[in-house]
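Below: the structure, in structure tokens.
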Amino acid sequence: MKFDYNEEQRLLSDSVRRFVAQDYGFEARRAIVASKEGMSATVWSTLAELGLLGLPFSSDDGGFGGGAVDLMGVMEAMGEGLVVEPYLSTLMASRCVAAAGTDEQKQRILPGVIDGSIRMAFAQGEKDARFDLDHVQARATRAKEGFALEGEKLAVVHAPVADFLVVSARSGGKGISLFLVDAKSAGITLRSYRTLDEMPAADISFRNVPCTLVGTEGEALPIIEAVVDFATALVCAEAVGALKYANDATLEYLKTRKQFGVPIGAFQALQHRMVDMVISYEQAKSMASLACAKIDSAKDAAERKRVVSAAKIRIADACRHVSQESVQLHGGMGMSEELKVSHTFRRLTAIAQQFGDADHHLERLARG
Amino acid sequence: MKFDYNEEQRLLSDSVRRFVAQDYGFEARRAIVASKEGMSATVWSTLAELGLLGLPFSSDDGGFGGGAVDLMGVMEAMGEGLVVEPYLSTLMASRCVAAAGTDEQKQRILPGVIDGSIRMAFAQGEKDARFDLDHVQARATRAKEGFALEGEKLAVVHAPVADFLVVSARSGGKGISLFLVDAKSAGITLRSYRTLDEMPAADISFRNVPCTLVGTEGEALPIIEAVVDFATALVCAEAVGALKYANDATLEYLKTRKQFGVPIGAFQALQHRMVDMVISYEQAKSMASLACAKIDSAKDAAERKRVVSAAKIRIADACRHVSQESVQLHGGMGMSEELKVSHTFRRLTAIAQQFGDADHHLERLARG
Amino acid sequence: MDLNYSPEEQAFREEVRGWLRENLPADLREKVSTHAHLAKDDLQRWHRILAARGWVAPSWPKEWGGTGWDPVQRYIFEEESGYAGAPPLLPFGLSMCGPVLLKFGTDEQKRRFLPRIYGGDDFWCQGYSEPGSGSDLASLKTRATREGGHYVVNGQKTWTTLAHYGDWIFCLVRTDAAAKKQEGISFLLIDMKTPGITVRPLILMDGGHEVNEVFFDDVKVPVENRVADEGMGWTVAKYLLGHERMNTARIGTSRRELENLKEFAATQRKNGRALLEDTRFRDKISRLEVELMALEITNLRFLDQLRGGRPPGAEVSMLKITGTEIQQRLTELMMEAAGPTSDIALAQRYCNYRKTSIYAGSNEIQRNIIAKMSLGL
Amino acid sequence: MDLNYSPEEQAFREEVRGWLRENLPADLREKVSTHAHLAKDDLQRWHRILAARGWVAPSWPKEWGGTGWDPVQRYIFEEESGYAGAPPLLPFGLSMCGPVLLKFGTDEQKRRFLPRIYGGDDFWCQGYSEPGSGSDLASLKTRATREGGHYVVNGQKTWTTLAHYGDWIFCLVRTDAAAKKQEGISFLLIDMKTPGITVRPLILMDGGHEVNEVFFDDVKVPVENRVADEGMGWTVAKYLLGHERMNTARIGTSRRELENLKEFAATQRKNGRALLEDTRFRDKISRLEVELMALEITNLRFLDQLRGGRPPGAEVSMLKITGTEIQQRLTELMMEAAGPTSDIALAQRYCNYRKTSIYAGSNEIQRNIIAKMSLGL
């Protein structure tokens with residue numbers, strides 16, 4: 001029973017935090033978001049240089065063998081900094097390849113992911129699927145070489161900046177499979193936009209797009225579930241960082257903003273609400289830790305799902321509570337695009353839904 | 001569009017309020033609750049003398065033709081005073097007789113109800129029924145004269161002080177019927193107790209108990225639903241009175257209780273919570289008014305059910321919110337049996353569940 | 001007690017509804033229903049249509065174009081307009097500056113400004129908040145120094161809604177720096193075209209441009225544009241605060257939004273069924289519907305009291321608190337219903353509506369008002 | 001970071017669990033699980049069983065019988081005891097008077113009282129609250145006047161838990177009426193058999209007798225029963241407040257109650273199915289389960305910090321806030337699960353548990369503490 005990060009974990013998260021403080025301040029981030037691509041290639045290289053992209057891969061795959069707990073501090077720092085680069089998207093897609101890909105696929109993808117030359121996106125969601133991972137209508141049929149992909153994927157975060165996509169689809173009446181797709185292939189059409197939380201994203205249409213099977217045909221659902229649970233735990237950790245920023249900024253505002261001759265933090269009603277925000281934060285942080293720990297150590301998928309869903313429920317509630325209160329206690333200033341807290345509000349709002357809202361995970365808990 | 005009570009309504013509720021103030025104070029009520037029967041025959045006579053028992057019956061039945069709106073102010077006053085006498089129980093049972101009984105049954109029951117010589121209880125609930133009115137296992141079979149009743153009824157409020165019972169039961173494969181039972185009949189066994197809110201109640205066992213059919217065999221469900229909706233609207237009005245007392249007492253406490261040299265009502269956190277209690281009260285009051293109005297004027301059962309369920313949801317939430325906060329803001333004093341607010345807490349807690357908790361009525365709204 | 005509308009009220013509602021059906025332009029209705037941007041021209045167009053019908057300023061005295069409606073009729077008109085998807089009538093001229101002029105203005109001021117407010121000729125905005133004074137309005141710093149027949153105004157206002165559309169702005173300014181806080185404040189009407197005024201957009205987090213900073217740099221305002229005596233500005237401000245708090249609940253608009261939400265949830269799928277059939281989501285809608293139903297009755301109850309000559313106490317502030325909470329919840333459930341699709345507009349609207357519990361006297365200030373004025377705490 | 005218990009911690013848990021299985025009398029376990037009344041004898045019996053095992057005062061120094069456990073071990077012991085349904089160890093002697101004596105007592109006082117506290121020979125209670133001073137403890141009025149070798153105590157304490165079982169009571173009393181509020185207070189140990197003490201029951205709304213008023217009428221207390229110097233009582237009180245705030249979450253007890261709730265909900269029927277399968281009710285249980293899971297980790301996180309020599313800040317007060325909110329919610333859902341049946345005991349327990357957010361420093365006071373001490377507001 002030990003809650004502190006170990007030396008490596010601390011060094012790593014400190015390095016990300018330092019990087020954010022120096023090179024990813026609010027103004028720098030605004031410029032990145034305003035850029036055409038909506039992300040920074042320089043930042044991406046730095047993330048690779050810091051070793052963040054190799055971290056969660058086994059040494060056989062050229063990585064450092066880190067687990068979700070090793071990534072926690074990193075994600076917290078990214079949450080505080082509101083990093084928009086395709087870190088989690090790339091990890092999700094590349095972990096599918098690492099988990100089930102052929103040696104050739106791994107060779108093609110993983111070294112490039114680790115050295116920062118390949119970015120990826122995970123194309124899973126569809127119309128009417130909501131958060132269900134097994135609601136898949138896209139289809140792949142055997143082609144001369146490999147497969148050909150047909151279908152639509154919705155709200156694929158970071159698709160516009162990805163070099164490769166991993167896509168879920170049905171094939172040959174065999175259930176759900178995963179396919180690796182070169183994002184530059186003919187037959188791919190992107191309707192690109194920015195998400196509420198300022199990430200590049202796209203709805204994608206696939207028309208006879210060449211792709212290769214990742215893993216055993218029809219047996220991808222457990223892999224998808226594992227990867228999404230992994231990402232859910234990490235996004236919980238990211239939320240912890242964003243919640244921390246929202247609370248810190250609000251507390252600072254309560255101490256400095258004066259009305260009626262006193263700091264507004266002197267008003268007991270606001271004090272108690274600030275305390276409740278702190279409680280939400282502490283409870284969310286505990287559940288994020290537990291989820292990451294169970295990603296690494298759960299005895300089976302059922303235990304992993306149970307804890308990840310429990311964590312996501314608590315984090316979704318905390319995201320909603322803290323984001324709303326942080327804006328409200330900032331008064332008009334909290335509404336302004338010029339304050340970081342309003343961008344943190346947007347990210348927290350998105351996280352509450354990402355990989356399933358509280359209702360979705362309550363359903364999963366009840367079924368479990 | 002007119003919210004004030006009319007002259008008669010105001011006179012009537014004033015007379016109940018005056019009676020409560022003079023003869024049903026906290027100490028007087030304690031003595032009644034502590035008495036063996038758990039109600040006062042004197043109080044009961046007074047209620048009859050005030051005309052409250054004849055109020056909701058048609059003039060043909062010897063009453064004054066009042067509707068739910070005419071009873072609203074009366075119920076509010078009873079809620080403020082925490083009256084434990086079997087007023088609502090008697091109305092529910094006797095309205096079944098008035099709605100569907102034979103002339104002979106009406107003659108036997110209604111004059112006695114109106115003059116205060118007959119008290120009644122409505123025996124409807126059963127094991128595993130929860131709040132469903134159509135979950136009925138009790139059975140009645142045709143006997144030489146009338147019917148014979150077999151079965152168990154649970155948590156029948158005021159059964160120990162009732163002269164007659166109206167009981168729901170199945171008969172001859174024909175669905176649910178209502179039966180009129182003399183409470184002194186052989187074959188009736190009562191397990192008596194007091195409810196949380198200090199009402200006399202009993203679980204009842206019927207073994208071959210003679211009874212007479214009220215209304216058409218197998219067609220009682222719409223009557224039961226109407227009577228329970230009527231009672232639900234009235235108990236919403238009663239809640240408004242109890243909520244008012246809880247708020248008034250809490251506000252008074254905030255103004256008089258001093259800590260740290262000031263009245264605790266000077267603390268902003270408590271002020272805002274008191275304001276939220278007032279908002280709950282106002283919203284609950286509006287829904288109680290609407291429910292009573294629709295009992296009298298709904299164009300069909302569907303509209304009546306929809307509004308009554310909506311009202312009960314809001315009242316249940318207000319009961320929970322205000323009761324919990326009133327005790328909390330009273331500090332230790334709110335826990336003491338010696339303060340009326342703790343008894344109001346118990347009544348409000350009971351009302352939140354009475355005739356269906358919020359979940360039950362959410363289900364009814366969703367189905368409607 | 002009778003919770004049904006009287007036949008006369010019913011008839012009035014029918015008249016309003018019928019007229020709206022005929023006269024609300026389809027393009028405006030569409031813009032409002034889809035929460036599209038309303039340009040200055042859109043707002044003024046609707047204002048003028050109502051003015052032509054004589055319905056633009058119901059609460060004004062009849063001699064100035066008022067309708068003579070009682071509070072319930074005014075409520076019915078508001079509700080029907082909101083429900084029909086009519087553009088809002090901005091309060092700055094009609095419900096703020098107008099009533100102030102009617103109460104405190106000189107005959108000359110009334111003749112000069114009221115007809116143009118009524119007709120929608122001038123677009124008004126409100127210069128109250130400053131960077132250092134939001135809830136604590138009386139701490140404002142913008143100063144006006146008397147120089148002959150003019151005041152010279154210097155300072156800054158902020159959160160000024162639609163100042164970029166504005167022809168005129170009414171401002172609270174400090175005319176006596178030596179006086180105590182609430183004293184020494186005056187109420188000025190300022191032509192936005194006067195040299196020295198700069199309007200700078202404040203972009204909200206949904207990316208929208210609604211509010212602004214307004215800078216005053218040696219702005220000359222004729223003395224005859226002061227309303228009420230010098231130093232009486234706080235009295236004017238308090239009068240405004242107490243005025244027009246009965247129609248803040250926006251029942252009609254919320255009813256329309258609730259219907260939209262239900263229709264939308266019926267089209268969204270969850271586990272192969274309509275989201276509207278999902279117990280969890282359905283219950284959230286039901287609770288919201290109940291709250292709105294209750295607020296409608298509460299609002300009418302307060303109006304009925306007012307009509308009976310007994311103005312309700314400060315608890316009318318709950319109409320603003322609960323009304324905005326309902327509006328916010330509607331946008332939140334709409335966003336939630338959309339789920340992980342790409343409907344950014346719905347998410348932006350959710351973001352935008354966070355403002356409603358902050359503006360026009362934050363909900364915290366409203367609670368303070370109830371606690372102090374109504375509960376005596 | 002490693003959220004699994006170490007092998008040593010696991011082994012310790014097994015040892016505690018095994019010992020409880022062998023040594024917790026079935027009748028006591030049954031009484032606790034069914035929330036039956038615990039008589040003085042029940043409480044003392046369990047106290048003595050633990051004392052015989054050497055586990056009754058884990059936090060005391062080893063020389064006085066402490067176990068030398070680290071914070072996590074103490075947590076494990078608490079959790080297992082709560083989960084197993086062991087009667088509570090009342091804090092008044094072991095966690096309040098004991099630590100005060102260890103910190104401030106004379107050798108003579110330690111020798112006289114500590115062994116009897118440890119052995120459960122004396123039943124202690126706490127004389128803090130007075131009718132006029134609850135949250136504002138320092139405003140207490142009970143006075144002790146020095147007369148030779150005695151103090152003469154006059155006044156009243158209230159909300160005194162189990163005073164009707166009490167052999168001894170420790171009291172805050174005012175020894176100097178002229179001194180400023182927090183000064184002039186002293187800490188006395190008073191034998192409840194001293195003439196002049198009257199205990200009057202305060203019945204709570206569930207009908208239970210737990211708390212009392214205690215009246216002091218010229219009660220003579222030997223001066224050697226004063227702990228710390230005269231006038232140092234507030235220092236003692238503050239020391240106590242800061243002490244032992246880490247085990248207020250009652251995780252083990254709540255875990256047991258949560259299991260009871262689930263079992264009970266599985267036996268209740270709704271629409272012909274088990275209530276536990278009902279989406280609405282199930283979700284309420286799930287949310288509560290999640291909150292408890294989170295609180296367990298939060299509690300361990302704070303303990304781990306403490307073990308690392310970095311005592312966590314005032315945010316540990318959240319263990320009391322959230323722990324009691326969970327306990328209250330458990331009783332509420334249990335009552336809700338029972339529905340309209342005649343299970344009055346469950347409803348009474350719900351009523352009784354409203355006290356948990358009021359006693360031991362109300363949850364409002366805990367929020368004040370966090371705001372002030374931890375957030376610097």
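Chain labels follow the order of the structure tokens: the first chain is A, the next B, and so on; residue numbering restarts at 1 in every chain, and ligands are counted from 1 in their shown order.
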Can you list, as a list in words, every protein, DNA or RNA residue that comes within 10 Å of C:Lys320 when you count only C-alpha atoms, leaving out same-chain residues fewer than 4 positions away?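 What passes the distance filter is Arg245, Met246, Asn247, Thr248, Ala249, Arg250, Glu315, Val316, Thr324, Glu325, Ile326, Thr356, Ser357, Ala360, Gly361, Ser362, Asn363 and Gln366 of chain C.
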Per DSSP on the backbone, what are the helix (DSSP H, G or I) residues of stretch 170-364 of chain C, as a PyMOL selection string? chain C and resi 223-225+233-242+251-267+275-277+279-307+314-338+344-357+363-364
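Minimum distance to chain B across A:Ser342, A:Gln268, A:Thr90, A:Gln105 (counting only C-alpha atoms) occurs at A:Gln268.
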Could you please tell me, as a PDB file with C-alpha atoms, in the first residue's frame, which residues of chain D have an atom within 9 Å of chain A when using only C-alpha atoms?
ATOM      1  CA  MET D   1       2.374   3.740  -6.420  1.00  0.00           C
ATOM      2  CA  ASP D   2       0.990   0.398  -5.385  1.00  0.00           C
ATOM      3  CA  LEU D   3      -2.591   0.143  -4.238  1.00  0.00           C
ATOM      4  CA  ASN D   4      -2.349  -3.441  -3.151  1.00  0.00           C
ATOM      5  CA  TYR D   5      -1.717  -4.222   0.477  1.00  0.00           C
ATOM      6  CA  SER D   6       1.782  -5.534   1.144  1.00  0.00           C
ATOM      7  CA  GLU D   9      -0.376  -6.042   5.672  1.00  0.00           C
ATOM      8  CA  VAL D  72      -2.446   1.502   7.948  1.00  0.00           C
ATOM      9  CA  GLU D 277     -32.679  -5.494 -10.257  1.00  0.00           C
ATOM     10  CA  THR D 279     -32.643   0.225 -12.541  1.00  0.00           C
ATOM     11  CA  ARG D 282     -29.793  -0.283  -8.360  1.00  0.00           C
ATOM     12  CA  ASP D 283     -28.258   2.974  -9.548  1.00  0.00           C
ATOM     13  CA  SER D 286     -24.164   1.766  -7.293  1.00  0.00           C
ATOM     14  CA  ARG D 287     -23.472   5.430  -6.715  1.00  0.00           C
ATOM     15  CA  GLU D 289     -20.916   1.891  -3.552  1.00  0.00           C
ATOM     16  CA  VAL D 290     -18.688   4.028  -5.765  1.00  0.00           C
ATOM     17  CA  GLU D 291     -18.573   6.768  -3.141  1.00  0.00           C
ATOM     18  CA  MET D 293     -14.947   2.723  -2.716  1.00  0.00           C
ATOM     19  CA  ALA D 294     -13.513   6.185  -3.325  1.00  0.00           C
ATOM     20  CA  LEU D 295     -13.580   7.084   0.351  1.00  0.00           C
ATOM     21  CA  GLU D 296     -11.718   3.923   1.257  1.00  0.00           C
ATOM     22  CA  ILE D 297      -8.918   4.871  -1.115  1.00  0.00           C
ATOM     23  CA  THR D 298      -8.956   8.481   0.043  1.00  0.00           C
ATOM     24  CA  LEU D 300      -5.789   5.020   2.849  1.00  0.00           C
ATOM     25  CA  ARG D 301      -4.105   7.778   0.865  1.00  0.00           C
ATOM     26  CA  ASP D 304      -0.111   6.582   3.789  1.00  0.00           C
ATOM     27  CA  GLN D 305       0.834  10.249   3.900  1.00  0.00           C
ATOM     28  CA  GLU D 315      -8.870  17.981   4.358  1.00  0.00           C
ATOM     29  CA  MET D 318     -13.692  15.244   4.601  1.00  0.00           C
ATOM     30  CA  THR D 322     -18.231  11.966   3.449  1.00  0.00           C
ATOM     31  CA  GLU D 364     -20.748  22.552   8.652  1.00  0.00           C
ATOM     32  CA  ARG D 367     -16.316  22.528   6.175  1.00  0.00           C
ATOM     33  CA  ASN D 368     -15.296  25.655   8.050  1.00  0.00           C
ATOM     34  CA  ILE D 370     -11.189  22.783   5.734  1.00  0.00           C
ATOM     35  CA  ALA D 371     -11.896  26.250   4.347  1.00  0.00           C
ATOM     36  CA  LYS D 372      -9.844  27.953   7.007  1.00  0.00           C
ATOM     37  CA  LEU D 375      -7.615  26.316   1.873  1.00  0.00           C
ATOM     38  CA  GLY D 376      -6.621  29.487   3.702  1.00  0.00           C
ATOM     39  CA  LEU D 377     -10.007  31.116   3.205  1.00  0.00           C
TER      40      LEU D 377
END
By how many Å are atom CA of D:Glu63 and atom CA of D:Tyr165 apart? 28.6 Å
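Residues surrounding D:Gly231 within 8 Å are D:Thr175, D:Asp176, D:Glu183, D:Gly184, D:Ile185, D:Ser186 [only C-alpha atoms; sequence separation below 5 positions excluded].
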Convert the current residue selection to file output with N, CA, C and O atoms, as a tab-separated table (two decimals), in the first residue's frame.
chain	number	residue	atom	x	y	z
D	175	THR	N	-12.87	28.43	34.85
D	175	THR	CA	-12.29	28.68	36.19
D	175	THR	C	-11.99	30.16	36.40
D	175	THR	O	-11.64	30.56	37.49
D	176	ASP	N	-12.09	30.94	35.32
D	176	ASP	CA	-11.83	32.38	35.48
D	176	ASP	C	-12.82	33.14	34.61
D	176	ASP	O	-12.65	33.26	33.39
D	183	GLU	N	-9.54	31.75	27.16
D	183	GLU	CA	-8.74	31.63	28.37
D	183	GLU	C	-9.68	31.39	29.55
D	183	GLU	O	-10.89	31.52	29.42
D	184	GLY	N	-9.14	31.02	30.66
D	184	GLY	CA	-10.00	30.83	31.82
D	184	GLY	C	-10.79	29.54	31.80
D	184	GLY	O	-11.72	29.36	32.58
D	185	ILE	N	-10.44	28.65	30.85
D	185	ILE	CA	-11.12	27.35	30.80
D	185	ILE	C	-10.16	26.28	31.32
D	185	ILE	O	-8.96	26.30	31.02
D	186	SER	N	-10.67	25.36	32.14
D	186	SER	CA	-9.83	24.27	32.64
D	186	SER	C	-10.47	22.93	32.34
D	186	SER	O	-11.66	22.86	32.00
